[in-house]
Amino acid sequence: MNGAESLVRTLVAGGVDTCFANPGTSEMHFVAALDRVDGMRCVLVLFEGIATGAADGYARMADKPAATLLHLGPGLANGLANLHNATKASTPIVNIVGDHATYHRSYDAPLTSDIEGAAAPFSGWVHTSPDATRVAADGAAAITAARTAPGRVATLILPADTAWNEGSGPVAVAEAPKRTRVSQDCIEDTAKALRSGEPTMMLLGGLGLRECGLDLAGRICAKTGAKIMSQTFPGRIERGAGRVAVDRLPYPVNQARASLAGLKHIVLVGSRIPVAFFAYPDKPSLMASEDTEFLTLARSEEDVLDALERLANELDAQSFPSQAAKLALPSLATGTITGANISQSLSALIPENAIVVDESISASASFFAASWNSQPHTYLQNMGGSIGLGMPMATGAAIACPNRPVLNLQADGSSMYAIQSLWTQVREGLNITTVLFNNKSYACLRDELANVGAQNVGRKALDMLDLSRPDIDFAGLARSMGMAAARVTTMEEFNVVVARGLSTPGPCLIEVQIT
């Protein structure tokens, strides 16, 4: 058994049974090993950023890591943007990167690079296997590292000769360390602030946004009168009927500052102190007032759910109603396509138990607020800010949860970073409905021009935000990759075509023309 087969058998035995791959010459022994090992699903993607983004979406929904298979340093470089996003979301990924044979690296062949150096800023664990007898043990260590709370990208570099030489056979995977329970002092200090009667907010992230965490936080806030809010960009949040509805901290600085104004205490529950996404002239970086006290109930790597349960017991809040949302679907919007109308109709059309992957950016900005009492669903968003995650993340989420419909709300500009995802969705027969908003621009950047105080903006600057000349035919691109597709220009068309897409198994794309 060579090193590659030893590694694949270790991955499968360790619960890593899905690999998103774009391999090259150095990874061929890993590819060949897939035929000799049952239990590993290998999904071909046409760009490495899709592999890393799909692994992110898979792990967020499966609560376990997927593997990637990337080709040397340049392949890793193509996937780094979505590894950045995964790192910010604390997503567990076993990221396998091929390399030249150990004896070949000194010759500086064209694809030679410092893979460890490139991987380090985007990984929580990086290691190069020194020889074939170590590959399986290194793979086991990578799985344990990826699963270490709150979740990490573990990058294992696999020189070609460590894959083809004789290996050790599979190696057992050690248990990841259990989440640390927070101290009783954290519980008591938080309870004191909540009992004080002073304006207080619980800011939720991580496991605090799962159904159980929301329920506990809802009961605590119902008992104490505290406000409750999600961090601006949640990695995963349970939404809709039966779940406690929370607003997100707004993205714009002035709105975020207004949301936090007057608070004396902000309790961080699996979240961090809120800061502006970017620096803006004459605006602060910190979103809360200077006299606001921050208390950390539990960090994202700690046992957030246990901390919330203990806090609820401390406050005698378990018997209070959590104020979960009740199902109340809006009517379908009609007439002109607008952001508000889109959000209204989508809120009515979301299927029960759907997964919503939102990279719509500006076109459906009001959707989150509008869908709080829709059918119960899971909402995923980009936490790292590097665009091009939506389509890959939808792909991974659909593979993790084949029995759940996936709705991908997708902006036009960011879709072009990973449009090849559609090909993989067709090849794998995934149940994904992509609603793509075509406004022929990087619309959010038009707003940012004003936000940063750019003056005397002319044609050259505006051309940098324009996606026309030529117009992109997104429905045509989808059809070219074998996907059913349609273009809509009115809300009446939108309602019919989106409903049909969501009720029909398999992938489809609906291009929404926004003028």
# chains A, B, ... in the order shown; residues from 1 in each chain; ligands from 1
call {"tool": "residues_around", "arguments": {"residues": "Gly235 of chain A", "least_positions_apart": "3", "cutoff": "9 Å", "atoms": "only C-alpha atoms", "output": "list in words"}}
result
Arg60, Lys88, Ala89, Ser90, Thr91, Gly205, Gly206, Leu209, Tyr379, Leu380, Gln381, Asn382 and Met383 of chain A
call {"tool": "write_last_selection", "arguments": {"atoms": "C-alpha atoms", "output": "JSON list (two decimals), in the first residue's frame"}}
result
[["chain", "number", "residue", "atom", "x", "y", "z"],
["A", 60, "ARG", "CA", -20.80, 24.32, 7.62],
["A", 88, "LYS", "CA", -12.84, 33.67, 9.12],
["A", 89, "ALA", "CA", -15.85, 31.35, 9.46],
["A", 90, "SER", "CA", -13.86, 28.82, 11.56],
["A", 91, "THR", "CA", -14.71, 26.10, 9.03],
["A", 205, "GLY", "CA", -22.04, 34.37, 16.63],
["A", 206, "GLY", "CA", -20.90, 30.81, 16.01],
["A", 209, "LEU", "CA", -26.80, 31.21, 16.15],
["A", 379, "TYR", "CA", -28.91, 30.88, 6.17],
["A", 380, "LEU", "CA", -25.24, 30.93, 5.14],
["A", 381, "GLN", "CA", -23.20, 34.02, 4.39],
["A", 382, "ASN", "CA", -19.64, 35.01, 3.55],
["A", 383, "MET", "CA", -17.77, 35.97, 6.74]]
call {"tool": "residues_around", "arguments": {"residues": "Leu203 of chain A", "least_positions_apart": "5", "cutoff": "7 Å", "atoms": "only C-alpha atoms", "output": "JSON list (two decimals) with N, CA and C atoms, in the first residue's frame"}}
result
[["chain", "number", "residue", "atom", "x", "y", "z"],
["A", 228, "ILE", "N", -31.09, 41.48, 21.66],
["A", 228, "ILE", "CA", -30.36, 40.36, 21.08],
["A", 228, "ILE", "C", -30.08, 40.67, 19.62],
["A", 229, "MET", "N", -28.89, 40.36, 19.16],
["A", 229, "MET", "CA", -28.51, 40.68, 17.78],
["A", 229, "MET", "C", -27.45, 39.69, 17.31],
["A", 230, "SER", "N", -27.40, 39.46, 16.01],
["A", 230, "SER", "CA", -26.36, 38.65, 15.40],
["A", 230, "SER", "C", -25.22, 39.53, 14.94],
["A", 231, "GLN", "N", -24.01, 38.96, 14.89],
["A", 231, "GLN", "CA", -22.91, 39.67, 14.25],
["A", 231, "GLN", "C", -23.29, 39.95, 12.80],
["A", 266, "ILE", "N", -22.34, 45.09, 26.35],
["A", 266, "ILE", "CA", -22.53, 44.18, 25.22],
["A", 266, "ILE", "C", -21.89, 42.85, 25.61],
["A", 267, "VAL", "N", -22.70, 41.80, 25.59],
["A", 267, "VAL", "CA", -22.24, 40.46, 25.97],
["A", 267, "VAL", "C", -21.90, 39.72, 24.68],
["A", 268, "LEU", "N", -20.65, 39.31, 24.56],
["A", 268, "LEU", "CA", -20.18, 38.59, 23.37],
["A", 268, "LEU", "C", -20.39, 37.10, 23.58],
["A", 269, "VAL", "N", -21.18, 36.49, 22.68],
["A", 269, "VAL", "CA", -21.50, 35.07, 22.78],
["A", 269, "VAL", "C", -21.04, 34.40, 21.48],
["A", 271, "SER", "N", -18.92, 35.58, 19.58],
["A", 271, "SER", "CA", -18.66, 36.68, 18.64],
["A", 271, "SER", "C", -17.50, 37.52, 19.15]]
call {"tool": "residues_around", "arguments": {"residues": "Gly151 of chain A", "least_positions_apart": "2", "cutoff": "7 Å", "atoms": "only C-alpha atoms", "output": "count of residues only"}}
result
7
call {"tool": "closest_residue", "arguments": {"among": "A:Tyr58, A:Tyr417, A:Phe20, A:Trp423", "to": "Val43 of chain A", "atoms": "only C-alpha atoms"}}
result
A:Phe20
call {"tool": "residues_around", "arguments": {"residues": "Thr338 of chain A", "least_positions_apart": "3", "cutoff": "9 Å", "atoms": "only C-alpha atoms", "output": "number ranges by chain"}}
result
A: 335, 341-343, 363-364, 491, 514-515
call {"tool": "residues_around", "arguments": {"residues": "segment 430-436 of chain A", "least_positions_apart": "4", "cutoff": "8 Å", "atoms": "only C-alpha atoms", "output": "MDAnalysis selection string"}}
result
chainID A and resid 360 394:395 398:399 402 404:412 425:426 498 501:502 505:512
call {"tool": "select_by_dssp", "arguments": {"residues": "segment 104-232 of chain A", "states": "strand (DSSP E or B)", "output": "list in words"}}
result
Trp125, Val126, His127, Thr128, Val153, Ala154, Thr155, Leu156, Ile157, Leu158, Pro159, Glu166, Thr180, Thr200, Met201, Met202, Leu203, Leu204, Lys227, Ile228, Met229 and Ser230 of chain A
call {"tool": "write_last_selection", "arguments": {"atoms": "N, CA and C atoms", "output": "PDB file, in the first residue's frame"}}
result
ATOM      1  N   TRP A 125      -3.166  25.200  10.669  1.00  0.00           N
ATOM      2  CA  TRP A 125      -2.212  24.100  10.840  1.00  0.00           C
ATOM      3  C   TRP A 125      -1.623  23.816   9.467  1.00  0.00           C
ATOM      4  N   VAL A 126      -0.301  23.745   9.368  1.00  0.00           N
ATOM      5  CA  VAL A 126       0.379  23.475   8.098  1.00  0.00           C
ATOM      6  C   VAL A 126       1.491  22.466   8.346  1.00  0.00           C
ATOM      7  N   HIS A 127       1.591  21.472   7.470  1.00  0.00           N
ATOM      8  CA  HIS A 127       2.641  20.467   7.635  1.00  0.00           C
ATOM      9  C   HIS A 127       2.952  19.845   6.280  1.00  0.00           C
ATOM     10  N   THR A 128       4.224  19.549   6.040  1.00  0.00           N
ATOM     11  CA  THR A 128       4.663  18.817   4.853  1.00  0.00           C
ATOM     12  C   THR A 128       5.094  17.415   5.259  1.00  0.00           C
ATOM     13  N   VAL A 153      -8.674  25.411   9.143  1.00  0.00           N
ATOM     14  CA  VAL A 153      -8.147  24.885   7.893  1.00  0.00           C
ATOM     15  C   VAL A 153      -6.814  24.218   8.211  1.00  0.00           C
ATOM     16  N   ALA A 154      -6.724  22.925   7.946  1.00  0.00           N
ATOM     17  CA  ALA A 154      -5.485  22.170   8.164  1.00  0.00           C
ATOM     18  C   ALA A 154      -4.916  21.816   6.803  1.00  0.00           C
ATOM     19  N   THR A 155      -3.749  22.360   6.464  1.00  0.00           N
ATOM     20  CA  THR A 155      -3.143  22.155   5.154  1.00  0.00           C
ATOM     21  C   THR A 155      -2.026  21.130   5.244  1.00  0.00           C
ATOM     22  N   LEU A 156      -2.211  20.029   4.539  1.00  0.00           N
ATOM     23  CA  LEU A 156      -1.222  18.949   4.471  1.00  0.00           C
ATOM     24  C   LEU A 156      -0.602  18.951   3.078  1.00  0.00           C
ATOM     25  N   ILE A 157       0.710  19.122   3.016  1.00  0.00           N
ATOM     26  CA  ILE A 157       1.431  19.172   1.741  1.00  0.00           C
ATOM     27  C   ILE A 157       2.011  17.791   1.471  1.00  0.00           C
ATOM     28  N   LEU A 158       1.735  17.281   0.266  1.00  0.00           N
ATOM     29  CA  LEU A 158       2.017  15.884  -0.070  1.00  0.00           C
ATOM     30  C   LEU A 158       2.995  15.814  -1.243  1.00  0.00           C
ATOM     31  N   PRO A 159       4.314  15.754  -0.991  1.00  0.00           N
ATOM     32  CA  PRO A 159       5.265  15.563  -2.090  1.00  0.00           C
ATOM     33  C   PRO A 159       4.958  14.280  -2.865  1.00  0.00           C
ATOM     34  N   GLU A 166       6.113   3.204  -0.747  1.00  0.00           N
ATOM     35  CA  GLU A 166       5.363   2.327   0.157  1.00  0.00           C
ATOM     36  C   GLU A 166       5.035   3.058   1.454  1.00  0.00           C
ATOM     37  N   THR A 180     -13.698  23.890  25.790  1.00  0.00           N
ATOM     38  CA  THR A 180     -13.502  24.255  27.198  1.00  0.00           C
ATOM     39  C   THR A 180     -14.758  24.913  27.747  1.00  0.00           C
ATOM     40  N   THR A 200     -28.520  46.631  27.797  1.00  0.00           N
ATOM     41  CA  THR A 200     -27.590  45.528  27.538  1.00  0.00           C
ATOM     42  C   THR A 200     -28.013  44.794  26.274  1.00  0.00           C
ATOM     43  N   MET A 201     -27.016  44.315  25.548  1.00  0.00           N
ATOM     44  CA  MET A 201     -27.280  43.528  24.336  1.00  0.00           C
ATOM     45  C   MET A 201     -26.433  42.266  24.355  1.00  0.00           C
ATOM     46  N   MET A 202     -27.013  41.158  23.871  1.00  0.00           N
ATOM     47  CA  MET A 202     -26.259  39.943  23.618  1.00  0.00           C
ATOM     48  C   MET A 202     -25.961  39.879  22.124  1.00  0.00           C
ATOM     49  N   LEU A 203     -24.685  39.834  21.763  1.00  0.00           N
ATOM     50  CA  LEU A 203     -24.256  39.785  20.361  1.00  0.00           C
ATOM     51  C   LEU A 203     -23.806  38.362  20.064  1.00  0.00           C
ATOM     52  N   LEU A 204     -24.548  37.686  19.183  1.00  0.00           N
ATOM     53  CA  LEU A 204     -24.359  36.253  18.967  1.00  0.00           C
ATOM     54  C   LEU A 204     -23.547  35.970  17.710  1.00  0.00           C
ATOM     55  N   LYS A 227     -31.468  43.288  24.769  1.00  0.00           N
ATOM     56  CA  LYS A 227     -31.615  43.143  23.324  1.00  0.00           C
ATOM     57  C   LYS A 227     -30.796  41.932  22.862  1.00  0.00           C
ATOM     58  N   ILE A 228     -31.087  41.484  21.658  1.00  0.00           N
ATOM     59  CA  ILE A 228     -30.361  40.356  21.078  1.00  0.00           C
ATOM     60  C   ILE A 228     -30.085  40.670  19.620  1.00  0.00           C
ATOM     61  N   MET A 229     -28.888  40.356  19.157  1.00  0.00           N
ATOM     62  CA  MET A 229     -28.511  40.678  17.781  1.00  0.00           C
ATOM     63  C   MET A 229     -27.447  39.693  17.311  1.00  0.00           C
ATOM     64  N   SER A 230     -27.401  39.465  16.011  1.00  0.00           N
ATOM     65  CA  SER A 230     -26.361  38.650  15.399  1.00  0.00           C
ATOM     66  C   SER A 230     -25.217  39.530  14.939  1.00  0.00           C
TER      67      SER A 230
END
call {"tool": "select_by_dssp", "arguments": {"residues": "segment 301-483 of chain A", "states": "helix (DSSP H, G or I)", "output": "ChimeraX atom specification"}}
result
/A:304-314,339-349,367-370,390-400,412-415,421-428,443-451,459-463,474-480
call {"tool": "atom_distance", "arguments": {"atom1": "atom CA of Pro234 of chain A", "atom2": "atom CA of Ala397 of chain A"}}
result
15.5 Å
call {"tool": "closest_atom_pairs", "arguments": {"of": "segment 293-329 of chain A", "to": "segment 236-251 of chain A", "cutoff": "12 Å", "atoms": "only C-alpha atoms", "output": "tab-separated table"}}
result
residue	atom	partner	partner_atom	distance
A:Pro321	CA	A:Val244	CA	10.2
A:Ser322	CA	A:Val244	CA	6.7
A:Gln323	CA	A:Val244	CA	6.1
A:Ala324	CA	A:Val244	CA	4.1
A:Ala325	CA	A:Ala241	CA	4.8
A:Lys326	CA	A:Ala241	CA	4.9
A:Leu327	CA	A:Ala241	CA	4.8
A:Ala328	CA	A:Ala241	CA	8.0
A:Leu329	CA	A:Ala241	CA	9.8
call {"tool": "write_last_selection", "arguments": {"atoms": "all heavy atoms", "output": "short mmCIF file (atom, residue, chain, number, x, y, z; two decimals), in the first residue's frame"}}
result
data_model
loop_
_atom_site.label_atom_id
_atom_site.label_comp_id
_atom_site.auth_asym_id
_atom_site.auth_seq_id
_atom_site.Cartn_x
_atom_site.Cartn_y
_atom_site.Cartn_z
N PRO A 321 -40.76 32.14 27.78
CA PRO A 321 -40.91 31.84 26.35
C PRO A 321 -39.79 32.50 25.55
O PRO A 321 -39.39 33.63 25.83
CB PRO A 321 -42.27 32.44 26.00
CG PRO A 321 -42.53 33.48 27.04
CD PRO A 321 -41.86 32.97 28.30
N SER A 322 -39.30 31.77 24.56
CA SER A 322 -38.15 32.28 23.78
C SER A 322 -38.56 33.27 22.71
O SER A 322 -37.71 33.84 22.04
CB SER A 322 -37.42 31.11 23.12
OG SER A 322 -38.27 30.46 22.18
N GLN A 323 -39.87 33.44 22.52
CA GLN A 323 -40.40 34.37 21.51
C GLN A 323 -39.99 33.97 20.10
O GLN A 323 -39.59 34.79 19.27
CB GLN A 323 -39.95 35.81 21.81
CG GLN A 323 -40.42 36.30 23.17
CD GLN A 323 -39.88 37.69 23.53
OE1 GLN A 323 -38.75 38.02 23.24
NE2 GLN A 323 -40.73 38.49 24.16
N ALA A 324 -40.10 32.65 19.83
CA ALA A 324 -39.80 32.15 18.50
C ALA A 324 -40.80 32.68 17.48
O ALA A 324 -41.96 32.95 17.80
CB ALA A 324 -39.82 30.62 18.50
N ALA A 325 -40.33 32.84 16.25
CA ALA A 325 -41.18 33.39 15.18
C ALA A 325 -42.30 32.42 14.82
O ALA A 325 -42.12 31.20 14.86
CB ALA A 325 -40.33 33.68 13.95
N LYS A 326 -43.43 32.98 14.46
CA LYS A 326 -44.55 32.19 13.97
C LYS A 326 -44.65 32.36 12.45
O LYS A 326 -44.37 33.43 11.92
CB LYS A 326 -45.85 32.63 14.64
CG LYS A 326 -45.87 32.43 16.15
CD LYS A 326 -47.27 32.68 16.71
CE LYS A 326 -47.32 32.60 18.23
NZ LYS A 326 -46.43 31.64 18.84
N LEU A 327 -45.02 31.30 11.77
CA LEU A 327 -45.09 31.32 10.32
C LEU A 327 -46.11 32.35 9.85
O LEU A 327 -47.27 32.33 10.26
CB LEU A 327 -45.47 29.94 9.79
CG LEU A 327 -45.48 29.78 8.26
CD1 LEU A 327 -44.08 29.94 7.70
CD2 LEU A 327 -46.05 28.42 7.87
N ALA A 328 -45.69 33.27 8.99
CA ALA A 328 -46.57 34.29 8.43
C ALA A 328 -46.00 34.70 7.07
O ALA A 328 -45.20 35.63 6.98
CB ALA A 328 -46.70 35.49 9.36
N LEU A 329 -46.39 33.98 6.03
CA LEU A 329 -45.82 34.21 4.71
C LEU A 329 -46.43 35.46 4.08
O LEU A 329 -47.66 35.65 4.13
CB LEU A 329 -46.07 33.01 3.80
CG LEU A 329 -45.50 31.68 4.28
CD1 LEU A 329 -45.76 30.60 3.23
CD2 LEU A 329 -44.01 31.79 4.56
#
call {"tool": "residues_around", "arguments": {"residues": "His100 of chain A", "least_positions_apart": "4", "cutoff": "9 Å", "atoms": "only C-alpha atoms", "output": "PyMOL selection string"}}
result
chain A and resi 26+72+104-105+109+111-112+158-161
call {"tool": "residues_around", "arguments": {"residues": "Phe47 of chain A", "least_positions_apart": "5", "cutoff": "12 Å", "atoms": "only C-alpha atoms", "output": "NGL selection string"}}
result
:A and (20-24 or 52-54 or 68-71 or 74-80 or 82 or 388 or 392 or 416-424)
call {"tool": "closest_residue", "arguments": {"among": "A:Met61, A:Ala499, A:Phe494, A:Met483", "to": "Val357 of chain A", "atoms": "only C-alpha atoms"}}
result
A:Met61
